[in-house]
file structure-v4.cif (mmCIF, C-alpha atoms)
data_query
#
loop_
_atom_site.group_PDB
_atom_site.id
_atom_site.type_symbol
_atom_site.label_atom_id
_atom_site.label_comp_id
_atom_site.auth_asym_id
_atom_site.auth_seq_id
_atom_site.Cartn_x
_atom_site.Cartn_y
_atom_site.Cartn_z
ATOM 1 C CA MET A 1 7.093 29.955 -38.076
ATOM 2 C CA LEU A 2 5.666 33.282 -36.927
ATOM 3 C CA ALA A 3 3.175 35.274 -38.962
ATOM 4 C CA CYS A 4 2.010 38.846 -38.504
ATOM 5 C CA PRO A 5 -1.282 38.882 -36.549
ATOM 6 C CA HIS A 6 -2.520 41.818 -38.647
ATOM 7 C CA CYS A 7 -1.793 40.755 -42.231
ATOM 8 C CA GLY A 8 -0.549 37.161 -42.029
ATOM 9 C CA GLU A 9 2.788 37.924 -43.682
ATOM 10 C CA PRO A 10 5.877 36.107 -42.339
ATOM 11 C CA LEU A 11 7.687 37.844 -39.490
ATOM 12 C CA ARG A 12 11.438 38.352 -39.751
ATOM 13 C CA PRO A 13 13.878 39.180 -36.950
ATOM 14 C CA GLY A 14 15.335 42.661 -36.769
ATOM 15 C CA ALA A 15 17.008 44.814 -34.146
ATOM 16 C CA ARG A 16 15.069 43.914 -31.007
ATOM 17 C CA ALA A 17 11.873 43.528 -33.033
ATOM 18 C CA LEU A 18 10.051 41.307 -35.493
ATOM 19 C CA ARG A 19 8.803 42.864 -38.737
ATOM 20 C CA CYS A 20 6.684 41.820 -41.691
ATOM 21 C CA ALA A 21 6.840 43.005 -45.304
ATOM 22 C CA ASP A 22 3.848 45.289 -44.733
ATOM 23 C CA GLY A 23 5.721 47.240 -42.085
ATOM 24 C CA HIS A 24 4.096 45.932 -38.921
ATOM 25 C CA ALA A 25 6.633 45.662 -36.091
ATOM 26 C CA PHE A 26 6.571 43.911 -32.719
ATOM 27 C CA ASP A 27 9.154 44.642 -30.052
ATOM 28 C CA LEU A 28 10.928 41.818 -28.277
ATOM 29 C CA ALA A 29 10.479 42.078 -24.525
ATOM 30 C CA ARG A 30 13.668 42.026 -22.491
ATOM 31 C CA GLN A 31 12.443 38.739 -20.951
ATOM 32 C CA GLY A 32 12.691 37.154 -24.405
ATOM 33 C CA TYR A 33 9.097 36.924 -25.630
ATOM 34 C CA VAL A 34 7.095 38.892 -28.201
ATOM 35 C CA ASN A 35 3.541 40.186 -27.803
ATOM 36 C CA LEU A 36 1.505 39.311 -30.913
ATOM 37 C CA LEU A 37 -1.966 40.164 -29.654
ATOM 38 C CA ALA A 38 -3.890 41.872 -32.441
ATOM 39 C CA ALA A 39 -6.863 42.736 -30.229
ATOM 40 C CA GLU A 40 -7.999 42.548 -26.627
ATOM 41 C CA PRO A 41 -7.957 38.842 -25.657
ATOM 42 C CA ARG A 42 -11.139 37.059 -24.735
ATOM 43 C CA SER A 43 -9.695 35.993 -21.384
ATOM 44 C CA PRO A 44 -6.922 37.568 -19.282
ATOM 45 C CA GLY A 45 -4.904 34.367 -19.004
ATOM 46 C CA ASP A 46 -3.018 33.103 -15.981
ATOM 47 C CA THR A 47 -1.839 35.563 -13.363
ATOM 48 C CA ALA A 48 1.754 35.759 -12.161
ATOM 49 C CA ALA A 49 0.769 33.814 -9.043
ATOM 50 C CA MET A 50 -0.874 31.058 -11.087
ATOM 51 C CA VAL A 51 2.182 30.711 -13.319
ATOM 52 C CA GLN A 52 4.489 30.627 -10.300
ATOM 53 C CA ALA A 53 2.364 27.888 -8.708
ATOM 54 C CA ARG A 54 2.416 25.845 -11.920
ATOM 55 C CA ALA A 55 6.173 26.203 -12.278
ATOM 56 C CA ALA A 56 6.724 25.024 -8.699
ATOM 57 C CA PHE A 57 4.347 22.077 -9.077
ATOM 58 C CA LEU A 58 5.860 20.887 -12.351
ATOM 59 C CA ARG A 59 9.403 21.450 -11.109
ATOM 60 C CA ALA A 60 8.618 19.086 -8.220
ATOM 61 C CA GLY A 61 7.937 16.365 -10.801
ATOM 62 C CA HIS A 62 4.365 15.525 -9.813
ATOM 63 C CA TYR A 63 3.156 15.473 -13.421
ATOM 64 C CA ALA A 64 6.241 13.648 -14.708
ATOM 65 C CA PRO A 65 4.132 10.724 -16.040
ATOM 66 C CA ILE A 66 2.162 13.179 -18.206
ATOM 67 C CA VAL A 67 5.307 14.990 -19.355
ATOM 68 C CA ASP A 68 6.950 11.657 -20.214
ATOM 69 C CA ALA A 69 3.880 10.392 -22.087
ATOM 70 C CA VAL A 70 3.676 13.578 -24.166
ATOM 71 C CA ALA A 71 7.399 13.426 -24.934
ATOM 72 C CA ALA A 72 7.178 9.761 -25.966
ATOM 73 C CA ALA A 73 4.163 10.357 -28.212
ATOM 74 C CA ALA A 74 5.881 13.372 -29.744
ATOM 75 C CA ALA A 75 9.050 11.382 -30.389
ATOM 76 C CA ALA A 76 7.048 8.700 -32.190
ATOM 77 C CA ALA A 77 5.261 11.321 -34.291
ATOM 78 C CA LEU A 78 8.424 13.215 -35.207
ATOM 79 C CA ALA A 79 10.564 10.146 -35.912
ATOM 80 C CA ASP A 80 9.111 9.848 -39.409
ATOM 81 C CA GLY A 81 7.229 13.127 -39.475
ATOM 82 C CA PRO A 82 7.514 16.039 -41.893
ATOM 83 C CA SER A 83 9.854 18.981 -41.561
ATOM 84 C CA GLY A 84 8.666 21.867 -39.440
ATOM 85 C CA GLY A 85 8.624 23.080 -35.877
ATOM 86 C CA VAL A 86 6.731 22.246 -32.699
ATOM 87 C CA VAL A 87 3.972 24.624 -31.603
ATOM 88 C CA ASP A 88 2.578 24.438 -28.069
ATOM 89 C CA VAL A 89 -0.812 26.177 -27.925
ATOM 90 C CA GLY A 90 -1.628 27.381 -24.419
ATOM 91 C CA ALA A 91 1.906 26.452 -23.423
ATOM 92 C CA GLY A 92 1.937 27.842 -19.898
ATOM 93 C CA THR A 93 5.448 27.525 -18.502
ATOM 94 C CA GLY A 94 6.715 25.625 -21.561
ATOM 95 C CA ASP A 95 7.669 22.471 -19.644
ATOM 96 C CA TYR A 96 5.895 20.107 -22.038
ATOM 97 C CA LEU A 97 7.410 21.833 -25.061
ATOM 98 C CA ALA A 98 10.878 21.634 -23.526
ATOM 99 C CA ALA A 99 10.505 17.897 -22.892
ATOM 100 C CA VAL A 100 9.476 17.328 -26.514
ATOM 101 C CA LEU A 101 12.404 19.352 -27.868
ATOM 102 C CA GLU A 102 14.832 17.335 -25.737
ATOM 103 C CA ALA A 103 13.853 14.039 -27.399
ATOM 104 C CA PRO A 104 16.269 12.966 -30.169
ATOM 105 C CA PRO A 105 13.654 12.999 -32.977
ATOM 106 C CA ALA A 106 13.157 16.721 -32.319
ATOM 107 C CA ALA A 107 16.854 17.518 -32.652
ATOM 108 C CA GLY A 108 17.314 20.746 -34.599
ATOM 109 C CA ARG A 109 13.620 21.620 -34.638
ATOM 110 C CA ALA A 110 12.421 24.957 -33.348
ATOM 111 C CA GLY A 111 9.723 25.242 -30.714
ATOM 112 C CA LEU A 112 7.114 27.953 -30.307
ATOM 113 C CA ALA A 113 5.149 28.524 -27.096
ATOM 114 C CA LEU A 114 1.884 30.451 -27.430
ATOM 115 C CA ASP A 115 -0.045 31.713 -24.418
ATOM 116 C CA VAL A 116 -2.362 34.626 -23.745
ATOM 117 C CA SER A 117 -0.600 35.296 -20.423
ATOM 118 C CA LYS A 118 2.505 37.458 -20.579
ATOM 119 C CA HIS A 119 3.572 35.910 -17.268
ATOM 120 C CA ALA A 120 3.503 32.449 -18.868
ATOM 121 C CA ALA A 121 5.300 33.694 -21.983
ATOM 122 C CA ARG A 122 8.127 35.067 -19.845
ATOM 123 C CA ARG A 123 8.793 31.630 -18.378
ATOM 124 C CA ALA A 124 8.224 29.745 -21.626
ATOM 125 C CA ALA A 125 10.773 31.948 -23.371
ATOM 126 C CA ARG A 126 13.419 30.448 -21.083
ATOM 127 C CA ALA A 127 12.122 26.867 -21.185
ATOM 128 C CA HIS A 128 14.506 25.620 -23.881
ATOM 129 C CA PRO A 129 17.326 27.051 -26.023
ATOM 130 C CA ARG A 130 15.434 26.236 -29.243
ATOM 131 C CA ALA A 131 12.088 27.583 -28.040
ATOM 132 C CA GLY A 132 10.604 31.026 -28.526
ATOM 133 C CA ALA A 133 7.483 32.423 -26.891
ATOM 134 C CA ALA A 134 4.707 34.743 -28.011
ATOM 135 C CA VAL A 135 1.661 36.210 -26.324
ATOM 136 C CA ALA A 136 -1.333 35.236 -28.451
ATOM 137 C CA ASP A 137 -5.042 34.574 -28.059
ATOM 138 C CA VAL A 138 -5.699 30.899 -28.826
ATOM 139 C CA TRP A 139 -9.348 31.746 -29.617
ATOM 140 C CA ARG A 140 -8.346 33.978 -32.521
ATOM 141 C CA SER A 141 -6.204 33.479 -35.604
ATOM 142 C CA LEU A 142 -2.862 32.121 -34.409
ATOM 143 C CA PRO A 143 0.241 34.121 -35.408
ATOM 144 C CA VAL A 144 1.739 31.043 -37.053
ATOM 145 C CA ARG A 145 2.450 30.438 -40.720
ATOM 146 C CA THR A 146 0.147 27.958 -42.446
ATOM 147 C CA GLY A 147 1.480 24.396 -42.466
ATOM 148 C CA SER A 148 4.671 25.296 -40.592
ATOM 149 C CA ALA A 149 4.174 22.936 -37.622
ATOM 150 C CA ALA A 150 5.173 19.289 -37.818
ATOM 151 C CA LEU A 151 3.704 18.818 -34.351
ATOM 152 C CA ALA A 152 1.178 20.787 -32.312
ATOM 153 C CA LEU A 153 0.669 20.338 -28.579
ATOM 154 C CA ASP A 154 -2.464 21.174 -26.638
ATOM 155 C CA VAL A 155 -2.083 20.196 -22.989
ATOM 156 C CA PHE A 156 -4.966 21.206 -20.689
ATOM 157 C CA SER A 157 -5.657 24.106 -23.061
ATOM 158 C CA PRO A 158 -8.493 25.431 -25.237
ATOM 159 C CA ARG A 159 -8.743 24.088 -28.794
ATOM 160 C CA ASP A 160 -9.653 25.884 -31.994
ATOM 161 C CA GLY A 161 -9.988 23.098 -34.560
ATOM 162 C CA PRO A 162 -9.750 25.162 -37.769
ATOM 163 C CA GLU A 163 -6.690 27.078 -36.586
ATOM 164 C CA LEU A 164 -4.877 23.988 -35.324
ATOM 165 C CA ARG A 165 -5.521 22.338 -38.678
ATOM 166 C CA ARG A 166 -4.301 25.412 -40.569
ATOM 167 C CA ILE A 167 -0.932 25.677 -38.823
ATOM 168 C CA LEU A 168 -0.248 21.940 -38.988
ATOM 169 C CA HIS A 169 1.572 20.279 -41.861
ATOM 170 C CA ALA A 170 -0.643 17.917 -43.872
ATOM 171 C CA GLN A 171 1.378 14.961 -42.495
ATOM 172 C CA GLY A 172 1.747 16.446 -39.044
ATOM 173 C CA THR A 173 0.363 15.356 -35.674
ATOM 174 C CA LEU A 174 -1.713 17.050 -32.999
ATOM 175 C CA LEU A 175 -1.318 15.824 -29.413
ATOM 176 C CA VAL A 176 -4.099 16.720 -26.980
ATOM 177 C CA VAL A 177 -4.153 16.073 -23.231
ATOM 178 C CA THR A 178 -7.482 16.468 -21.436
ATOM 179 C CA PRO A 179 -8.490 15.722 -17.842
ATOM 180 C CA SER A 180 -10.814 12.784 -17.228
ATOM 181 C CA PRO A 181 -13.904 13.126 -14.994
ATOM 182 C CA ASP A 182 -11.963 11.527 -12.113
ATOM 183 C CA HIS A 183 -9.028 13.922 -12.389
ATOM 184 C CA LEU A 184 -8.116 15.271 -8.925
ATOM 185 C CA ARG A 185 -11.430 14.014 -7.562
ATOM 186 C CA GLU A 186 -10.208 14.016 -3.946
ATOM 187 C CA LEU A 187 -9.331 17.718 -4.090
ATOM 188 C CA VAL A 188 -12.458 18.511 -6.083
ATOM 189 C CA GLU A 189 -14.648 16.972 -3.396
ATOM 190 C CA ALA A 190 -12.696 18.276 -0.400
ATOM 191 C CA ARG A 191 -12.236 21.850 -1.594
ATOM 192 C CA GLY A 192 -15.137 22.400 -3.946
ATOM 193 C CA LEU A 193 -12.980 22.808 -7.053
ATOM 194 C CA LEU A 194 -14.375 23.133 -10.547
ATOM 195 C CA ARG A 195 -15.366 19.739 -11.912
ATOM 196 C CA VAL A 196 -14.406 18.339 -15.303
ATOM 197 C CA ASP A 197 -17.300 18.569 -17.731
ATOM 198 C CA GLU A 198 -18.809 15.104 -18.186
ATOM 199 C CA ARG A 199 -19.403 16.007 -21.850
ATOM 200 C CA LYS A 200 -15.761 16.853 -22.541
ATOM 201 C CA GLU A 201 -15.402 13.902 -24.945
ATOM 202 C CA GLN A 202 -18.369 15.099 -27.005
ATOM 203 C CA ARG A 203 -17.108 18.683 -26.980
ATOM 204 C CA LEU A 204 -13.680 17.523 -28.126
ATOM 205 C CA GLU A 205 -15.254 15.645 -31.022
ATOM 206 C CA ARG A 206 -17.291 18.693 -32.015
ATOM 207 C CA THR A 207 -14.222 20.914 -31.878
ATOM 208 C CA LEU A 208 -11.780 18.680 -33.752
ATOM 209 C CA GLY A 209 -13.846 16.046 -35.593
ATOM 210 C CA GLU A 210 -14.363 18.068 -38.761
ATOM 211 C CA HIS A 211 -10.663 18.836 -39.122
ATOM 212 C CA PHE A 212 -8.822 15.843 -37.654
ATOM 213 C CA VAL A 213 -8.911 12.053 -37.539
ATOM 214 C CA ARG A 214 -8.152 10.501 -34.169
ATOM 215 C CA ALA A 215 -5.153 8.166 -34.422
ATOM 216 C CA THR A 216 -4.490 6.951 -30.864
ATOM 217 C CA VAL A 217 -6.017 7.215 -27.388
ATOM 218 C CA GLU A 218 -3.904 6.673 -24.255
ATOM 219 C CA PRO A 219 -5.589 6.849 -20.821
ATOM 220 C CA LEU A 220 -3.174 7.688 -18.033
ATOM 221 C CA ALA A 221 -3.928 7.491 -14.308
ATOM 222 C CA PHE A 222 -1.625 7.610 -11.293
ATOM 223 C CA GLU A 223 -1.622 8.638 -7.637
ATOM 224 C CA LEU A 224 -0.011 11.768 -6.269
ATOM 225 C CA ARG A 225 1.142 12.018 -2.665
ATOM 226 C CA LEU A 226 1.206 15.751 -2.062
ATOM 227 C CA ALA A 227 2.542 17.809 0.783
ATOM 228 C CA PRO A 228 0.272 20.699 1.800
ATOM 229 C CA GLU A 229 2.367 23.185 -0.212
ATOM 230 C CA ASP A 230 2.174 20.990 -3.324
ATOM 231 C CA ALA A 231 -1.594 20.597 -2.977
ATOM 232 C CA ALA A 232 -1.932 24.355 -2.615
ATOM 233 C CA ASN A 233 0.123 24.876 -5.795
ATOM 234 C CA LEU A 234 -2.017 22.358 -7.666
ATOM 235 C CA VAL A 235 -5.168 24.276 -6.776
ATOM 236 C CA ALA A 236 -3.581 27.676 -7.371
ATOM 237 C CA MET A 237 -2.301 26.839 -10.862
ATOM 238 C CA GLY A 238 -5.673 25.869 -12.377
ATOM 239 C CA PRO A 239 -8.999 27.539 -13.151
ATOM 240 C CA SER A 240 -10.175 27.059 -9.566
ATOM 241 C CA ALA A 241 -7.568 29.654 -8.581
ATOM 242 C CA TRP A 242 -10.097 32.293 -9.635
ATOM 243 C CA HIS A 243 -12.329 31.144 -6.767
ATOM 244 C CA ALA A 244 -10.931 32.351 -3.460
ATOM 245 C CA ALA A 245 -12.682 29.710 -1.364
ATOM 246 C CA ALA A 246 -10.844 26.890 -3.135
ATOM 247 C CA THR A 247 -7.395 28.360 -2.577
ATOM 248 C CA THR A 248 -7.927 29.328 1.042
ATOM 249 C CA THR A 249 -9.302 25.939 2.128
ATOM 250 C CA ALA A 250 -6.013 24.186 2.822
ATOM 251 C CA GLY A 251 -5.068 21.413 5.187
ATOM 252 C CA ASP A 252 -1.821 20.813 7.020
ATOM 253 C CA GLU A 253 -1.504 17.098 6.238
ATOM 254 C CA PRO A 254 -0.269 15.334 3.087
ATOM 255 C CA VAL A 255 -3.021 14.240 0.720
ATOM 256 C CA THR A 256 -3.319 11.494 -1.873
ATOM 257 C CA VAL A 257 -4.820 12.643 -5.141
ATOM 258 C CA THR A 258 -5.745 10.757 -8.318
ATOM 259 C CA ALA A 259 -4.447 12.189 -11.559
ATOM 260 C CA SER A 260 -6.450 10.925 -14.540
ATOM 261 C CA VAL A 261 -5.982 12.253 -18.056
ATOM 262 C CA THR A 262 -6.251 11.117 -21.658
ATOM 263 C CA LEU A 263 -3.590 11.681 -24.296
ATOM 264 C CA ARG A 264 -4.923 11.622 -27.845
ATOM 265 C CA ALA A 265 -3.055 11.874 -31.130
ATOM 266 C CA PHE A 266 -4.818 13.316 -34.179
ATOM 267 C CA ARG A 267 -3.905 13.522 -37.842
ATOM 268 C CA PRO A 268 -5.235 16.240 -40.154
ATOM 269 C CA ARG A 269 -8.097 15.345 -42.432
ATOM 270 C CA PRO A 270 -7.123 15.626 -46.113
#

call {"tool": "encode", "arguments": {"input": "structure-v4.cif", "output": "structure tokens"}}
result
Amino acid sequence: MLACPHCGEPLRPGARALRCADGHAFDLARQGYVNLLAAEPRSPGDTAAMVQARAAFLRAGHYAPIVDAVAAAAAAALADGPSGGVVDVGAGTGDYLAAVLEAPPAAGRAGLALDVSKHAARRAARAHPRAGAAVADVWRSLPVRTGSAALALDVFSPRDGPELRRILHAQGTLLVVTPSPDHLRELVEARGLLRVDERKEQRLERTLGEHFVRATVEPLAFELRLAPEDAANLVAMGPSAWHAAATTTAGDEPVTVTASVTLRAFRPRP
């Protein structure tokens, strides 16, 4: 599924490197991922500490309802979907991609995790035996061959409508998970975290509306009972981690937090 970020030619495996027909080569890191950044990224991506916090939080199962919902929607899409792989854009640790690849309809399909953070790519490279990982800027041309994805995932990640449409098969599916305005409201209010943009729905329509048709909408809300360490990981794994005040304001008692997200499925416009 990979394409050269410089010329767009398909990448082929070689001795510890990927190469295209034009002679561009990209070394495979010993941790199992490949760096396909063609230019300085627009954002630095998650730090090692942020990725570690996310891995711990997800490993504890707190977002299991979201993981399960994504896996179920993916299974439905792939059951009668076209051939091709699964691309997770802004994949983070690769947990969502791994859950999708474990579902029977994805049997034999390859998975590709893309993230601008090399720390995330290191973990995603080990997320599943059929998954590979690449460092890539999701705001630029994706290093993915046109039409090679039967399914694209975008979970709490930025969205580039034209590029998502380009990499997706004409009969493929895009799954997008976004936080609702009430997402984590208790922590937002108590610790001054970044709030969800009230215009997120309109921004999503502007980003994807020209290239995709919305097929399904699934709201998902549930309560989390978090120990202090879990609450700290939840704060430390998101964008509020860049604000020191949010991560240092921690309590020593368990907290109840509302998780509220929306899972949408999109089909490419003809």

call {"tool": "closest_atom_pairs", "arguments": {"input": "structure-v4.cif", "of": "segment 137-214 of chain A", "to": "segment 7-23 of chain A", "cutoff": "12 Å", "atoms": "only C-alpha atoms", "output": "JSON lines"}}
result
{"residue": "A:Ser141", "atom": "CA", "partner": "A:Gly8", "partner_atom": "CA", "distance": 9.3}
{"residue": "A:Leu142", "atom": "CA", "partner": "A:Gly8", "partner_atom": "CA", "distance": 9.4}
{"residue": "A:Pro143", "atom": "CA", "partner": "A:Gly8", "partner_atom": "CA", "distance": 7.3}
{"residue": "A:Val144", "atom": "CA", "partner": "A:Gly8", "partner_atom": "CA", "distance": 8.2}
{"residue": "A:Arg145", "atom": "CA", "partner": "A:Pro10", "partner_atom": "CA", "distance": 6.8}
{"residue": "A:Thr146", "atom": "CA", "partner": "A:Gly8", "partner_atom": "CA", "distance": 9.2}
{"residue": "A:Ser148", "atom": "CA", "partner": "A:Pro10", "partner_atom": "CA", "distance": 11.0}
{"residue": "A:Ile167", "atom": "CA", "partner": "A:Gly8", "partner_atom": "CA", "distance": 11.9}

call {"tool": "atom_distance", "arguments": {"input": "structure-v4.cif", "atom1": "atom CA of Ala48 of chain A", "atom2": "atom CA of Val116 of chain A"}}
result
12.3 Å

call {"tool": "atom_distance", "arguments": {"input": "structure-v4.cif", "atom1": "atom CA of Met50 of chain A", "atom2": "atom CA of Met237 of chain A"}}
result
4.5 Å

call {"tool": "resolve_selection", "arguments": {"input": "structure-v4.cif", "expression": "the PyMOL selection byres ((chain A and resi 130) around 7)", "output": "JSON, numbers by chain"}}
result
{"A": [110, 111, 128, 129, 131, 132]}

call {"tool": "closest_residue", "arguments": {"input": "structure-v4.cif", "among": "A:Pro5, A:Tyr33, A:Gly238, A:Asp252", "to": "Arg195 of chain A", "atoms": "only C-alpha atoms"}}
result
A:Gly238

call {"tool": "atom_distance", "arguments": {"input": "structure-v4.cif", "atom1": "atom CA of Val213 of chain A", "atom2": "atom CA of Pro270 of chain A"}}
result
9.5 Å

call {"tool": "closest_residue", "arguments": {"input": "structure-v4.cif", "among": "A:Leu226, A:Ala75, A:Ala64, A:Val176", "to": "Glu205 of chain A", "atoms": "all atoms listed in the file"}}
result
A:Val176

call {"tool": "residues_near_point", "arguments": {"input": "structure-v4.cif", "point": "(-14.1, 12.1, -30.3)", "cutoff": "10 Å", "atoms": "only C-alpha atoms", "output": "mmCIF file with C-alpha atoms, in the frame of the given file"}}
result
data_model
loop_
_atom_site.group_PDB
_atom_site.id
_atom_site.type_symbol
_atom_site.label_atom_id
_atom_site.label_comp_id
_atom_site.auth_asym_id
_atom_site.auth_seq_id
_atom_site.Cartn_x
_atom_site.Cartn_y
_atom_site.Cartn_z
ATOM 1 C CA LYS A 200 -15.761 16.853 -22.541
ATOM 2 C CA GLU A 201 -15.402 13.902 -24.945
ATOM 3 C CA GLN A 202 -18.369 15.099 -27.005
ATOM 4 C CA ARG A 203 -17.108 18.683 -26.980
ATOM 5 C CA LEU A 204 -13.680 17.523 -28.126
ATOM 6 C CA GLU A 205 -15.254 15.645 -31.022
ATOM 7 C CA ARG A 206 -17.291 18.693 -32.015
ATOM 8 C CA THR A 207 -14.222 20.914 -31.878
ATOM 9 C CA LEU A 208 -11.780 18.680 -33.752
ATOM 10 C CA GLY A 209 -13.846 16.046 -35.593
ATOM 11 C CA PHE A 212 -8.822 15.843 -37.654
ATOM 12 C CA VAL A 213 -8.911 12.053 -37.539
ATOM 13 C CA ARG A 214 -8.152 10.501 -34.169
ATOM 14 C CA VAL A 217 -6.017 7.215 -27.388
ATOM 15 C CA ARG A 264 -4.923 11.622 -27.845
#

call {"tool": "closest_residue", "arguments": {"input": "structure-v4.cif", "among": "A:Val89, A:Val100, A:Ala227, A:Leu184", "to": "Glu163 of chain A", "atoms": "all atoms listed in the file"}}
result
A:Val89

call {"tool": "closest_residue", "arguments": {"input": "structure-v4.cif", "among": "A:Val87, A:Ala29, A:Leu224, A:Ile66", "to": "Val255 of chain A", "atoms": "all atoms listed in the file"}}
result
A:Leu224

call {"tool": "resolve_selection", "arguments": {"input": "structure-v4.cif", "expression": "the PyMOL selection byres ((chain A and resi 153) around 8)", "output": "number ranges by chain"}}
result
A: 86-89, 97, 151-152, 154-155, 174-176

call {"tool": "closest_residue", "arguments": {"input": "structure-v4.cif", "among": "A:Val257, A:Ala107, A:Ala72, A:Ala25", "to": "Glu189 of chain A", "atoms": "only C-alpha atoms"}}
result
A:Val257

call {"tool": "decode", "arguments": {"input": "structure-v4.cif", "residues": "segment 168-179 of chain A", "atoms": "N, CA and C atoms", "output": "compact mmCIF listing (two decimals), in the first residue's frame"}}
result
# COMPACT_ATOMS: atom_id res chain seq x y z
N LEU A 168 -8.64 5.88 -0.61
CA LEU A 168 -9.72 4.93 -0.37
C LEU A 168 -10.26 4.37 -1.68
N HIS A 169 -10.52 3.08 -1.67
CA HIS A 169 -11.17 2.42 -2.81
C HIS A 169 -12.54 3.06 -3.05
N ALA A 170 -12.97 3.07 -4.29
CA ALA A 170 -14.25 3.71 -4.64
C ALA A 170 -15.42 3.12 -3.87
N GLN A 171 -15.32 1.84 -3.48
CA GLN A 171 -16.38 1.20 -2.68
C GLN A 171 -15.96 1.02 -1.23
N GLY A 172 -14.96 1.75 -0.83
CA GLY A 172 -14.46 1.63 0.54
C GLY A 172 -15.25 2.43 1.55
N THR A 173 -14.79 2.41 2.79
CA THR A 173 -15.47 3.09 3.90
C THR A 173 -14.46 3.85 4.74
N LEU A 174 -14.87 5.04 5.17
CA LEU A 174 -14.09 5.83 6.11
C LEU A 174 -14.84 5.88 7.44
N LEU A 175 -14.16 5.50 8.52
CA LEU A 175 -14.74 5.58 9.86
C LEU A 175 -14.05 6.70 10.62
N VAL A 176 -14.85 7.60 11.18
CA VAL A 176 -14.33 8.77 11.89
C VAL A 176 -14.93 8.81 13.29
N VAL A 177 -14.08 8.94 14.29
CA VAL A 177 -14.52 9.11 15.67
C VAL A 177 -14.11 10.50 16.13
N THR A 178 -15.09 11.27 16.59
CA THR A 178 -14.82 12.62 17.10
C THR A 178 -15.42 12.77 18.49
N PRO A 179 -14.80 13.59 19.34
CA PRO A 179 -15.38 13.83 20.66
C PRO A 179 -16.58 14.76 20.56
